[in-house]
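Below: data-v4.cif (mmCIF, C-alpha atoms)
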```
data_upload
loop_
_atom_site.label_atom_id
_atom_site.label_comp_id
_atom_site.auth_asym_id
_atom_site.auth_seq_id
_atom_site.Cartn_x
_atom_site.Cartn_y
_atom_site.Cartn_z
CA MET I 1 26.81 42.21 -76.41
CA ARG I 2 23.59 43.21 -78.12
CA LYS I 3 23.46 39.81 -79.71
CA ILE I 4 23.91 38.06 -76.40
CA ILE I 5 21.13 40.08 -74.78
CA LEU I 6 18.82 39.48 -77.70
CA PHE I 7 19.68 35.83 -77.57
CA LEU I 8 18.85 35.65 -73.88
CA ILE I 9 15.63 37.58 -74.39
CA ALA I 10 14.83 35.32 -77.19
CA ILE I 11 15.07 31.82 -75.83
CA SER I 12 11.26 31.41 -75.66
CA SER I 13 7.94 29.69 -74.88
CA GLN I 14 4.56 28.17 -74.32
CA ASN I 15 2.10 25.86 -72.72
CA ILE I 16 -1.54 25.36 -73.30
CA THR I 17 -3.66 22.45 -74.37
CA SER I 18 -1.05 20.65 -76.39
CA GLN I 19 -3.27 19.92 -79.38
CA GLU I 20 -3.54 23.69 -79.65
CA LEU I 21 0.17 24.34 -79.66
CA PHE I 22 0.28 24.99 -83.35
CA VAL I 23 3.50 25.69 -85.15
CA VAL I 24 2.48 28.82 -87.01
CA THR I 25 -0.65 30.01 -85.20
CA ASP I 26 -0.96 30.90 -81.55
CA PRO I 27 -4.25 29.64 -80.02
CA ALA I 28 -6.67 31.64 -77.86
CA SER I 29 -5.37 29.94 -74.73
CA ASN I 30 -2.43 31.42 -72.82
CA VAL I 31 0.58 30.15 -70.94
CA PRO I 32 -0.19 29.56 -67.23
CA ALA I 33 0.10 32.56 -64.89
CA ASN I 34 3.58 33.17 -63.45
CA SER I 35 5.07 30.66 -65.85
CA LEU I 36 7.89 31.22 -68.27
CA ALA I 37 8.26 29.31 -71.47
CA VAL I 38 11.27 29.33 -73.73
CA ASN I 39 11.20 28.41 -77.38
CA VAL I 40 13.94 28.02 -79.92
CA MET I 41 12.39 28.09 -83.36
CA GLN I 42 14.46 27.26 -86.39
CA SER I 43 13.40 27.28 -90.02
CA LEU I 44 15.12 26.30 -93.21
CA PHE I 45 13.39 27.51 -96.36
CA LYS I 46 14.52 26.96 -99.92
CA GLU I 47 15.41 30.17 -101.79
CA GLU I 48 13.37 30.63 -104.98
CA MET I 49 15.38 33.43 -106.55
CA LYS I 50 18.86 32.22 -105.81
CA SER I 51 20.44 28.95 -104.83
CA GLY I 52 20.64 27.72 -101.27
CA TYR I 53 18.52 27.88 -98.15
CA ASN I 54 17.32 30.71 -95.97
CA TYR I 55 17.95 29.80 -92.33
CA HIS I 56 16.16 31.64 -89.53
CA PHE I 57 16.87 31.23 -85.87
CA MET I 58 14.22 32.68 -83.60
CA PRO I 59 14.53 32.39 -79.85
CA GLU I 60 11.50 33.47 -77.79
CA VAL I 61 10.50 33.90 -74.14
CA THR I 62 6.84 33.90 -73.11
CA TYR I 63 5.56 34.97 -69.73
CA GLY I 64 2.07 34.53 -68.29
CA LEU I 65 1.30 37.63 -66.24
CA ASN I 66 -2.05 36.33 -65.06
CA LYS I 67 -4.62 33.86 -66.31
CA ASN I 68 -5.67 36.12 -69.19
CA ILE I 69 -2.60 38.08 -70.30
CA MET I 70 0.70 36.88 -71.70
CA PHE I 71 3.76 38.59 -73.15
CA ARG I 72 6.38 37.32 -75.54
CA ALA I 73 9.71 38.68 -76.73
CA SER I 74 11.47 37.24 -79.77
CA ALA I 75 14.75 37.80 -81.60
CA PHE I 76 15.35 37.23 -85.32
CA ILE I 77 18.63 35.87 -86.52
CA SER I 78 19.16 34.80 -90.13
CA ASN I 79 21.79 33.89 -92.68
CA ARG I 80 20.48 36.09 -95.49
CA SER I 81 23.72 38.03 -95.60
CA ASN I 82 25.68 34.76 -95.75
CA GLN I 83 26.53 34.79 -92.08
CA LEU I 84 24.33 34.68 -89.00
CA VAL I 85 23.16 38.20 -88.25
CA THR I 86 20.70 39.47 -85.67
CA GLU I 87 18.22 41.34 -87.82
CA GLY I 88 15.59 42.35 -85.31
CA GLY I 89 13.16 41.48 -82.59
CA SER I 90 9.53 41.42 -81.66
CA PHE I 91 7.10 41.98 -78.78
CA TYR I 92 3.82 40.13 -78.64
CA THR I 93 0.91 40.20 -76.24
CA LYS I 94 -2.34 38.28 -76.07
CA TYR I 95 -5.43 38.86 -73.99
CA ARG I 96 -7.98 36.08 -73.55
CA PHE I 97 -11.34 37.78 -73.19
CA TYR I 98 -13.76 34.89 -73.50
CA SER I 99 -13.78 31.33 -72.14
CA SER I 100 -16.51 28.78 -72.06
CA ASP I 101 -15.22 25.51 -70.67
CA ASP I 102 -16.86 22.17 -70.08
CA LEU I 103 -15.52 18.72 -69.23
CA ASN I 104 -12.92 17.92 -71.90
CA SER I 105 -13.88 20.84 -74.10
CA HIS I 106 -13.61 24.59 -74.36
CA PHE I 107 -14.22 27.57 -76.59
CA ARG I 108 -12.01 30.59 -76.13
CA MET I 109 -11.37 33.89 -77.83
CA ALA I 110 -8.42 36.24 -77.56
CA ALA I 111 -7.10 39.47 -79.03
CA PHE I 112 -3.42 39.79 -79.86
CA GLY I 113 -0.93 42.39 -80.99
CA ARG I 114 2.66 42.31 -82.15
CA TYR I 115 5.28 44.91 -82.93
CA SER I 116 8.48 43.93 -84.70
CA PHE I 117 11.59 45.67 -85.93
CA ASN I 118 13.98 44.42 -88.55
CA ASN I 119 16.97 45.83 -90.41
CA ALA I 120 17.16 43.28 -93.22
CA ASP I 121 16.64 44.06 -96.91
CA ILE I 122 13.04 43.88 -98.17
CA HIS I 123 12.99 41.27 -100.87
CA GLN I 124 9.40 40.08 -101.26
CA GLU I 125 5.79 41.24 -101.53
CA GLN I 126 4.68 38.96 -98.70
CA ILE I 127 4.50 40.92 -95.45
CA GLU I 128 6.00 38.95 -92.60
CA ILE I 129 6.81 40.81 -89.41
CA LEU I 130 8.11 37.56 -87.92
CA GLY I 131 11.67 37.85 -89.12
CA HIS I 132 11.38 39.96 -92.28
CA ASN I 133 9.57 43.29 -91.94
CA THR I 134 9.37 46.07 -89.39
CA GLY I 135 5.70 46.58 -88.57
CA PHE I 136 2.75 45.65 -86.43
CA GLU I 137 -0.05 43.12 -86.43
CA GLY I 138 -3.32 43.03 -84.51
CA GLY I 139 -6.10 40.50 -84.60
CA PHE I 140 -8.40 37.97 -83.03
CA VAL I 141 -8.20 34.23 -82.55
CA ALA I 142 -10.87 31.71 -81.58
CA THR I 143 -10.10 28.16 -80.47
CA LYS I 144 -12.43 25.23 -79.91
CA LEU I 145 -11.29 22.08 -78.16
CA ILE I 146 -13.49 18.99 -78.37
CA LYS I 147 -11.91 16.07 -76.57
CA LYS I 148 -8.78 15.24 -78.51
CA LEU I 149 -9.32 17.65 -81.39
CA ALA I 150 -8.51 21.36 -81.38
CA ILE I 151 -9.65 23.75 -84.10
CA SER I 152 -8.42 27.31 -84.19
CA SER I 153 -8.89 30.22 -86.52
CA SER I 154 -7.49 33.74 -86.60
CA VAL I 155 -7.87 36.95 -88.56
CA SER I 156 -5.43 39.83 -88.31
CA PHE I 157 -4.34 43.08 -89.87
CA GLU I 158 -0.64 43.49 -90.57
CA LYS I 159 1.19 46.65 -91.60
CA ALA I 160 4.81 47.04 -92.64
CA PHE I 161 7.04 50.08 -92.16
CA ASP I 162 10.56 50.88 -93.38
CA ASN I 163 13.26 48.45 -92.33
CA LYS I 164 15.42 51.13 -90.78
CA PRO I 165 18.09 52.33 -91.22
CA ASP I 166 18.87 51.16 -94.75
CA TYR I 167 15.78 49.69 -96.38
CA PRO I 168 12.66 51.84 -96.82
CA PHE I 169 9.48 49.93 -97.68
CA PRO I 170 9.16 49.98 -101.52
CA ASP I 171 6.53 52.42 -102.86
CA ASN I 172 5.36 50.00 -105.51
CA MET I 173 4.23 47.36 -103.00
CA GLY I 174 1.18 47.24 -100.73
CA ASP I 175 2.30 47.83 -97.14
CA ASN I 176 -0.67 46.31 -95.33
CA ALA I 177 -2.39 42.96 -95.45
CA THR I 178 -5.11 40.76 -94.00
CA ASN I 179 -3.93 37.45 -92.59
CA TYR I 180 -6.11 34.43 -91.91
CA THR I 181 -5.38 31.01 -90.49
CA LEU I 182 -7.25 27.76 -89.86
CA SER I 183 -5.58 25.08 -87.77
CA PHE I 184 -6.42 21.55 -86.68
CA GLY I 185 -4.57 19.59 -84.03
CA LYS I 186 -5.26 16.09 -82.76
CA LEU I 187 -3.84 14.11 -79.89
CA MET I 188 -2.84 10.73 -81.37
CA TYR I 189 -0.97 9.12 -78.51
CA PRO I 190 -1.49 8.05 -75.79
CA LYS I 191 -5.01 6.67 -76.14
CA LYS I 192 -5.15 6.43 -72.37
CA TYR I 193 -2.93 8.36 -69.98
CA THR I 194 -0.91 6.62 -67.31
CA SER I 195 1.46 9.35 -66.09
CA TYR I 196 2.96 12.77 -66.71
CA LYS I 197 6.09 11.06 -67.96
CA GLN I 198 4.35 9.58 -70.96
CA THR I 199 5.33 11.06 -74.33
CA ASN I 200 2.36 12.61 -76.15
CA ILE I 201 2.15 12.79 -79.92
CA ASN I 202 0.02 15.36 -81.72
CA VAL I 203 -0.49 15.80 -85.43
CA MET I 204 -1.44 19.14 -86.89
CA LEU I 205 -2.57 20.65 -90.12
CA GLU I 206 -2.57 24.40 -90.57
CA PHE I 207 -3.66 26.63 -93.41
CA VAL I 208 -2.08 30.07 -93.45
CA GLY I 209 -3.05 32.83 -95.87
CA GLN I 210 -2.46 36.50 -96.62
CA THR I 211 -4.03 39.08 -98.92
CA ILE I 212 -2.32 42.41 -99.60
CA ASN I 213 -5.17 44.87 -99.08
CA GLU I 214 -4.16 47.34 -101.82
CA ASN I 215 -3.89 44.96 -104.75
CA GLY I 216 -5.48 41.68 -103.69
CA LYS I 217 -2.31 39.65 -104.18
CA SER I 218 -2.54 36.55 -102.00
CA TYR I 219 -1.03 33.28 -100.93
CA ILE I 220 -2.24 30.22 -99.08
CA ASP I 221 0.15 27.72 -97.49
CA VAL I 222 -0.41 24.40 -95.82
CA VAL I 223 1.68 23.34 -92.82
CA PRO I 224 1.51 19.71 -91.70
CA ALA I 225 3.31 19.04 -88.42
CA ILE I 226 4.11 16.36 -85.92
CA GLN I 227 4.65 17.28 -82.30
CA PHE I 228 6.11 15.40 -79.36
CA ILE I 229 5.50 16.40 -75.73
CA PHE I 230 8.00 15.02 -73.26
CA ASN I 231 7.44 14.73 -69.52
CA SER I 232 4.43 17.09 -69.84
CA GLN I 233 6.89 19.97 -69.92
CA ALA I 234 8.98 19.98 -73.10
CA ARG I 235 7.86 20.03 -76.68
CA LEU I 236 9.40 19.36 -80.06
CA ASP I 237 7.76 20.29 -83.39
CA LEU I 238 8.70 19.15 -86.85
CA ALA I 239 6.78 20.85 -89.63
CA TYR I 240 6.87 21.46 -93.35
CA ARG I 241 5.37 24.52 -95.02
CA GLN I 242 4.22 24.27 -98.63
CA GLU I 243 2.74 26.99 -100.82
CA LEU I 244 -0.63 25.95 -102.26
CA LEU I 245 -1.56 29.12 -104.15
CA SER I 246 0.22 32.42 -104.65
CA SER I 247 -0.07 35.53 -106.75
CA MET I 248 2.72 37.44 -105.04
CA VAL I 249 6.50 37.52 -105.05
CA ARG I 250 7.91 35.42 -102.21
CA SER I 251 11.58 34.73 -101.72
CA ALA I 252 11.41 31.39 -99.92
CA PRO I 253 7.89 30.01 -99.40
CA ASN I 254 8.64 26.31 -98.89
CA GLY I 255 10.63 24.78 -96.09
CA PHE I 256 10.96 23.16 -92.71
CA TYR I 257 10.37 24.23 -89.11
CA PHE I 258 12.10 22.72 -86.15
CA ASN I 259 10.99 24.05 -82.75
CA LEU I 260 11.99 23.23 -79.20
CA TYR I 261 9.97 24.47 -76.23
CA TYR I 262 10.36 24.22 -72.51
CA THR I 263 8.01 25.50 -69.81
CA PHE I 264 9.17 26.65 -66.39
CA PHE I 265 6.05 26.38 -64.25
CA ASP I 266 5.30 28.90 -61.57
CA LEU I 267 8.33 31.10 -61.09
CA THR I 268 7.15 32.58 -57.81
CA LYS I 269 7.46 29.33 -55.93
CA MET M 1 -5.60 57.16 -21.71
CA LYS M 2 -4.07 56.69 -25.14
CA LYS M 3 -1.65 54.14 -23.80
CA ILE M 4 -4.43 52.08 -22.29
CA ASN M 5 -6.26 52.17 -25.59
CA LYS M 6 -3.20 50.88 -27.35
CA ILE M 7 -2.74 48.05 -24.90
CA ASN M 8 -6.39 47.16 -25.24
CA LYS M 9 -6.07 47.10 -28.99
CA VAL M 10 -3.10 44.79 -28.79
CA ARG M 11 -5.01 42.54 -26.42
CA VAL M 12 -7.96 42.37 -28.77
CA ILE M 13 -5.69 41.55 -31.68
CA VAL M 14 -3.81 38.87 -29.76
CA ALA M 15 -7.04 37.41 -28.46
CA SER M 16 -8.59 37.29 -31.87
CA ILE M 17 -5.51 35.67 -33.34
CA VAL M 18 -5.55 33.04 -30.62
CA LEU M 19 -9.25 32.57 -31.20
CA MET M 20 -8.78 32.26 -34.94
CA PHE M 21 -6.20 29.57 -34.50
CA SER M 22 -8.21 27.63 -31.98
CA ILE M 23 -11.22 27.64 -34.28
CA LYS M 24 -9.14 26.66 -37.24
CA SER M 25 -7.59 23.64 -35.64
CA ASN M 26 -11.05 22.07 -35.49
CA ALA M 27 -12.35 23.52 -38.71
CA GLN M 28 -10.28 22.58 -41.66
CA ILE M 29 -10.37 21.04 -45.07
CA VAL M 30 -8.52 17.74 -45.05
CA LYS M 31 -8.75 16.78 -48.68
CA ALA M 32 -9.92 18.38 -51.93
CA GLU M 33 -11.00 16.51 -55.01
CA ILE M 34 -10.95 18.80 -58.02
CA ARG M 35 -12.17 17.91 -61.45
CA ALA M 36 -10.91 20.48 -63.94
CA THR M 37 -12.60 21.44 -67.18
CA GLY M 38 -11.41 22.66 -70.56
CA LEU M 39 -8.46 20.34 -71.06
CA THR M 40 -7.48 16.94 -72.38
CA CYS M 41 -3.68 17.13 -72.53
CA SER M 42 -1.15 16.06 -69.96
CA MET M 43 0.82 19.30 -70.33
CA CYS M 44 -2.25 21.29 -69.31
CA SER M 45 -2.91 18.93 -66.47
CA ASN M 46 0.67 19.39 -65.34
CA ALA M 47 0.14 23.16 -65.28
CA ILE M 48 -2.67 22.66 -62.74
CA ASN M 49 -0.62 20.10 -60.80
CA LYS M 50 2.28 22.57 -60.50
CA GLN M 51 -0.01 25.42 -59.50
CA LEU M 52 -1.59 23.35 -56.69
CA LYS M 53 1.82 22.31 -55.43
CA THR M 54 2.84 25.95 -54.91
CA LEU M 55 0.53 26.04 -51.87
CA PRO M 56 2.55 25.34 -48.72
CA GLU M 57 -0.54 23.63 -47.24
CA VAL M 58 -0.49 20.96 -49.95
CA VAL M 59 1.05 17.66 -48.86
CA ASN M 60 0.37 15.69 -52.01
CA VAL M 61 -1.43 15.90 -55.35
CA GLU M 62 -2.60 12.75 -57.07
CA THR M 63 -3.78 13.11 -60.64
CA ASP M 64 -6.02 11.01 -62.82
CA LEU M 65 -5.01 12.29 -66.25
CA ASN M 66 -7.92 10.59 -68.02
CA THR M 67 -10.57 12.42 -66.02
CA ASN M 68 -8.44 15.44 -65.01
CA THR M 69 -9.20 14.81 -61.37
CA PHE M 70 -6.75 16.09 -58.78
CA THR M 71 -6.86 14.68 -55.27
CA VAL M 72 -5.16 17.17 -53.00
CA THR M 73 -4.15 16.19 -49.48
CA LEU M 74 -3.70 19.12 -47.08
CA THR M 75 -1.66 19.71 -43.94
CA GLU M 76 -3.11 19.40 -40.47
CA GLY M 77 -4.31 22.73 -39.12
CA ASN M 78 -4.54 24.56 -42.44
CA THR M 79 -6.93 27.47 -42.84
CA LEU M 80 -7.60 27.24 -46.56
CA SER M 81 -10.92 28.29 -48.03
CA PRO M 82 -12.40 26.68 -51.17
CA LYS M 83 -11.57 29.86 -53.07
CA VAL M 84 -7.88 29.06 -53.21
CA PHE M 85 -8.48 25.95 -55.38
CA LYS M 86 -10.50 27.96 -57.86
CA GLU M 87 -7.77 30.59 -58.08
CA LYS M 88 -5.04 28.03 -58.67
CA VAL M 89 -6.90 26.12 -61.38
CA GLU M 90 -7.78 29.37 -63.15
CA LYS M 91 -4.18 30.56 -62.95
CA ALA M 92 -3.19 27.48 -64.90
CA GLY M 93 -5.69 28.59 -67.55
CA PHE M 94 -8.59 26.26 -66.78
CA PHE M 95 -11.74 25.99 -64.68
CA ILE M 96 -13.27 23.85 -61.94
CA GLY M 97 -15.91 21.32 -63.02
CA THR M 98 -16.54 19.85 -59.58
CA LEU M 99 -14.99 20.48 -56.18
CA VAL M 100 -15.61 17.94 -53.43
CA LEU M 101 -14.07 18.67 -50.06
CA THR M 102 -13.48 16.37 -47.13
CA ALA M 103 -13.38 18.31 -43.88
CA LYS M 104 -13.77 18.20 -40.15
CA PRO M 105 -17.45 18.68 -39.24
CA GLU M 106 -16.80 22.00 -37.47
CA THR M 107 -15.65 23.49 -40.77
CA ILE M 108 -19.13 24.10 -42.08
CA THR M 109 -20.32 25.76 -38.90
CA GLN M 110 -18.34 28.81 -40.05
CA SER M 111 -20.54 31.61 -41.36
CA THR M 112 -18.98 31.46 -44.82
CA TYR M 113 -20.68 28.12 -45.52
CA ILE M 114 -24.34 27.92 -46.47
CA LEU M 115 -26.00 24.53 -46.66
CA VAL M 116 -28.32 23.87 -49.59
CA ASN M 117 -29.50 20.41 -48.55
CA ASN M 118 -30.64 18.95 -45.27
CA ASN M 119 -28.36 15.97 -44.98
CA THR M 120 -26.61 15.99 -41.67
CA ALA M 121 -23.56 13.85 -41.65
CA ASN M 122 -22.39 12.00 -38.60
CA GLY M 123 -18.81 10.99 -38.19
CA THR M 124 -15.39 12.45 -37.84
CA GLU M 125 -15.25 13.80 -41.36
CA ILE M 126 -17.83 15.20 -43.71
CA GLN M 127 -17.78 15.34 -47.45
CA PHE M 128 -19.42 18.16 -49.36
CA GLN M 129 -19.53 19.69 -52.80
CA VAL M 130 -19.24 23.43 -53.42
CA VAL M 131 -22.05 24.35 -55.82
CA ASP M 132 -21.37 28.05 -56.44
CA LYS M 133 -20.66 29.63 -59.81
CA GLY M 134 -17.07 28.88 -60.79
CA TYR M 135 -17.08 25.60 -58.82
CA VAL M 136 -19.38 23.70 -61.17
CA THR M 137 -19.58 23.64 -64.98
CA GLU M 138 -21.53 26.43 -66.67
CA LYS M 139 -24.31 24.02 -67.65
CA GLU M 140 -24.57 22.69 -64.12
CA PHE M 141 -24.69 26.22 -62.73
CA LYS M 142 -27.68 27.05 -64.95
CA LYS M 143 -29.49 23.96 -63.69
CA LEU M 144 -28.62 24.65 -60.07
CA SER M 145 -29.74 28.27 -60.34
CA LYS M 146 -33.24 26.94 -61.01
CA SER M 147 -33.14 24.34 -58.22
CA TYR M 148 -31.82 26.84 -55.67
CA LYS M 149 -33.94 29.80 -56.68
CA ASN M 150 -35.40 29.94 -53.17
CA VAL M 151 -31.93 30.13 -51.61
CA GLU M 152 -31.60 33.91 -51.58
CA THR M 153 -27.82 34.11 -51.27
CA TYR M 154 -27.16 31.68 -54.15
CA ALA M 155 -28.01 34.04 -56.96
CA SER M 156 -25.94 36.88 -55.51
CA ASN M 157 -22.69 35.05 -56.36
CA ASN M 158 -20.82 36.45 -53.40
CA GLU M 159 -17.25 35.21 -53.77
CA ASP M 160 -16.66 34.83 -50.07
CA ASP M 161 -19.53 32.58 -49.14
CA PHE M 162 -19.83 28.99 -50.26
CA HIS M 163 -23.03 27.08 -50.91
CA ILE M 164 -22.47 23.47 -50.12
CA LYS M 165 -24.22 20.18 -50.60
CA ILE M 166 -23.36 17.50 -48.05
CA LEU M 167 -22.67 14.18 -49.73
CA ASN M 168 -22.21 11.70 -46.90
#
```

Spit out the file's structure as structure tokens when you get a sec.
Amino acid sequence: MRKIILFLIAISSQNITSQELFVVTDPASNVPANSLAVNVMQSLFKEEMKSGYNYHFMPEVTYGLNKNIMFRASAFISNRSNQLVTEGGSFYTKYRFYSSDDLNSHFRMAAFGRYSFNNADIHQEQIEILGHNTGFEGGFVATKLIKKLAISSSVSFEKAFDNKPDYPFPDNMGDNATNYTLSFGKLMYPKKYTSYKQTNINVMLEFVGQTINENGKSYIDVVPAIQFIFNSQARLDLAYRQELLSSMVRSAPNGFYFNLYYTFFDLTK
Amino acid sequence: MKKINKINKVRVIVASIVLMFSIKSNAQIVKAEIRATGLTCSMCSNAINKQLKTLPEVVNVETDLNTNTFTVTLTEGNTLSPKVFKEKVEKAGFFIGTLVLTAKPETITQSTYILVNNNTANGTEIQFQVVDKGYVTEKEFKKLSKSYKNVETYASNNEDDFHIKILN
């Protein structure tokens, strides 16, 4: 029953300027007010310390309360214990506090916060509250859109707690980190719009990094992605994440993302 | 005494409602042309399109995706104010760059409209642009603030009055 509820909570969301709909980073823009977006995020990462692949299934729902505030609930399901197990969930909120828009361009800033819980074993130095650690994250994101190009950058503080009930956070590891991201997205197709039905294609390149505050251990990953927008309402992402640099223990840094999104516009209608 | 007061109140209310409706039938926005800012993607444009269509007074929305211009046709006898378009576009997460309204001439005789130019249009319909903050781009607003510095009400940014420039 719990699984079903979490699953329902978790089928999740988003809609913004599509070039900004990055795979790993959330931009400063929000989902439209009164709209619900569902997202099913799947990832398959190669295990470094044992054979096989680590599969994560992450359904999400995102709701736009008003033009500036959105909420998101996610569930984390993975195969780490050799069968699909619901390991935890997450609540996320974002508040857009600055917007400066012009024809075909904008600059926006937002603050965000996330709280996650997880009962899985702690098996790496990387802190990842999206599917691995119990903890919280808070930070800022700024996004600039210039015609067909979107550039977004974020900085956040992330802290891990014990993965209750069975896995306390190890004493010999740093439990808090600084995260930073830099993302680029470009609309490639169409060159000229003819209708809402037209499929849009975006390409993206994201850099995602983390430094454990206590000991300076860090990693930087690159995530190239291709994104298809169908009927101006549904979205499909294919992405690959590759470690560029790392001085920390990570269980499965390299792998694929496969995301499906759908936006239900204006629920109050 | 009390009873009479009540009846009088009801009469006043009924009369004012009747009056409101009779005014409105001659004073209404027929069409709105909205150019939105801050977007270049069709998914964003669709968010605005869907927001506009939630208004029962909207008959049709035509979109030019390349310029993000929405041409909104409205029902006969509607009582919409320009504010509603701003709210809808902002709900979708964007802003208005220009708002040009086509209306029956009586519309702008309402006290909420303040003319900033002297053009007097003749004809069955007039076309005007709303030039207040939030209805033009930020750059344009800065420029206009200088041009309209002798229009006292312009700088006060009152949300319920609309400064308009007649175009035809």

Considering only C-alpha atoms, state which residue in the set I:Leu205, I:Val24, I:Ala252, I:Leu149 is at the smallest distance from chain M.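 With only C-alpha atoms as the atom set, the closest residue is I:Leu149.
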
Closest of I:Tyr167, I:Tyr196, I:Tyr219, I:Phe140 to Ile127 in chain I - atom-to-atom distances counting all atoms listed in the file: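 Among I:Tyr167, I:Tyr196, I:Tyr219, I:Phe140, it is I:Tyr219 that comes nearest to Ile127 in chain I.
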
Per residue of chain I within 8 Å of chain M, record the nearest atom pair and its distance in Å to one decimal, counting all atoms listed in the file, with rows in chain order and ascending residue number, as a tab-separated table.
```
residue	atom	partner	partner_atom	distance
I:Asn15	CA	M:Met43	CA	7.1
I:Ile16	CA	M:Cys44	CA	5.7
I:Thr17	CA	M:Cys44	CA	5.4
I:Ser18	CA	M:Cys41	CA	5.8
I:Gln19	CA	M:Cys41	CA	7.4
I:Ser29	CA	M:Gly93	CA	7.3
I:Asn30	CA	M:Gly93	CA	6.8
I:Val31	CA	M:Gly93	CA	7.3
I:Pro32	CA	M:Ala92	CA	4.3
I:Ala33	CA	M:Lys91	CA	5.1
I:Asn66	CA	M:Lys91	CA	6.5
I:Lys67	CA	M:Lys91	CA	4.7
I:Asn68	CA	M:Gly93	CA	7.7
I:Ser100	CA	M:Glu138	CA	7.7
I:Asp101	CA	M:Gly38	CA	4.8
I:Asp102	CA	M:Thr37	CA	5.2
I:Leu103	CA	M:Thr37	CA	4.5
I:Asn104	CA	M:Leu39	CA	5.1
I:Ser105	CA	M:Gly38	CA	4.7
I:His106	CA	M:Gly38	CA	4.8
I:Leu145	CA	M:Gly38	CA	7.6
I:Lys147	CA	M:Thr40	CA	6.2
I:Lys148	CA	M:Thr40	CA	6.5
I:Leu187	CA	M:Cys41	CA	8.0
I:Lys192	CA	M:Asn66	CA	6.6
I:Tyr193	CA	M:Leu65	CA	5.8
I:Thr194	CA	M:Leu65	CA	7.1
I:Ser195	CA	M:Leu65	CA	7.1
I:Tyr196	CA	M:Ser42	CA	6.2
I:Asn200	CA	M:Ser42	CA	7.9
I:Ile229	CA	M:Met43	CA	7.7
I:Ser232	CA	M:Met43	CA	4.3
I:Gln233	CA	M:Met43	CA	6.1
I:Phe265	CA	M:Lys50	CA	6.5
I:Asp266	CA	M:Gln51	CA	6.7
I:Lys269	CA	M:Thr54	CA	5.8
```

To one decimal place in Å, what is the distance between CA of Lys133 in chain M and CA of Ser81 in chain M? 15.3 Å

Counting all atoms listed in the file, which of I:Thr134, I:Gln242, I:Thr263, I:Asn202 gets nearest to Gln227 in chain I?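 Looking only at the distances to Gln227 in chain I, the closest residue turns out to be I:Asn202.
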
Select all residues near (-16.4, 20.6, -44.2) (cut-off 9 Å, inclusive, file coordinates), counting all atoms listed in the file, and output them as a list in words.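 So the residues meeting the distance criterion are Ala27, Gln28, Ile29, Val30, Leu101, Thr102, Ala103, Lys104, Pro105, Glu106, Thr107, Ile108, Thr109, Tyr113, Glu125, Ile126, Gln127, Phe128, Ile164 and Ile166 of chain M.
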
Store the residues of this selection in a file with C-alpha atoms, as a short mmCIF file (atom, residue, chain, number, x, y, z; two decimals), in the frame of the given file.
```cif
data_model
loop_
_atom_site.label_atom_id
_atom_site.label_comp_id
_atom_site.auth_asym_id
_atom_site.auth_seq_id
_atom_site.Cartn_x
_atom_site.Cartn_y
_atom_site.Cartn_z
CA ALA M 27 -12.35 23.52 -38.71
CA GLN M 28 -10.28 22.58 -41.66
CA ILE M 29 -10.37 21.04 -45.07
CA VAL M 30 -8.52 17.74 -45.05
CA LEU M 101 -14.07 18.67 -50.06
CA THR M 102 -13.48 16.37 -47.13
CA ALA M 103 -13.38 18.31 -43.88
CA LYS M 104 -13.77 18.20 -40.15
CA PRO M 105 -17.45 18.68 -39.24
CA GLU M 106 -16.80 22.00 -37.47
CA THR M 107 -15.65 23.49 -40.77
CA ILE M 108 -19.13 24.10 -42.08
CA THR M 109 -20.32 25.76 -38.90
CA TYR M 113 -20.68 28.12 -45.52
CA GLU M 125 -15.25 13.80 -41.36
CA ILE M 126 -17.83 15.20 -43.71
CA GLN M 127 -17.78 15.34 -47.45
CA PHE M 128 -19.42 18.16 -49.36
CA ILE M 164 -22.47 23.47 -50.12
CA ILE M 166 -23.36 17.50 -48.05
#
```

Using Å and a single decimal, report how far CA of Leu36 in chain I sits from CA of Asn259 in chain I. 16.5 Å

Just the residues within 7 Å of Asn179 in chain I, please, counting only C-alpha atoms, with nothing from its chain fewer than 2 positions along; format it as a ChimeraX atom specification. /I:155-157,177,181,209-211

Any chance you can output those residues with C-alpha atoms as a compact mmCIF listing (two decimals), in the frame of the given file?
```
# COMPACT_ATOMS: atom_id res chain seq x y z
CA VAL I 155 -7.87 36.95 -88.56
CA SER I 156 -5.43 39.83 -88.31
CA PHE I 157 -4.34 43.08 -89.87
CA ALA I 177 -2.39 42.96 -95.45
CA THR I 181 -5.38 31.01 -90.49
CA GLY I 209 -3.05 32.83 -95.87
CA GLN I 210 -2.46 36.50 -96.62
CA THR I 211 -4.03 39.08 -98.92
```

Would you kindly translate the PyMOL selection byres ((chain I and resi 90) around 12) into the concrete residues it picks from this file, as a PyMOL selection string? chain I and resi 6+9-10+12+58-62+71-77+87-89+91-93+113-118+128-137

List the residues selected by the PyMOL selection byres ((chain I and resi 28) around 8) in the file shown, writing them as a PyMOL selection string. chain I and resi 26-27+29-30+96+108-111+141-143+152

So which one's closest to Ala155 in chain M, M:Glu62, M:Glu57, M:Glu33, M:Asp132? Using all atoms listed in the file, please. M:Asp132

Please identify all polymer residues lying at most 8 Å from the point (1.8, 28.3, -93.1) (file coordinates), using only C-alpha atoms, and present the result as a list of chain:residue names.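 Residues with an atom close enough to that point: I:Val24, I:Glu206, I:Phe207, I:Val208, I:Gly209, I:Ile220, I:Asp221, I:Val222, I:Val223, I:Arg241, I:Gln242, I:Glu243.
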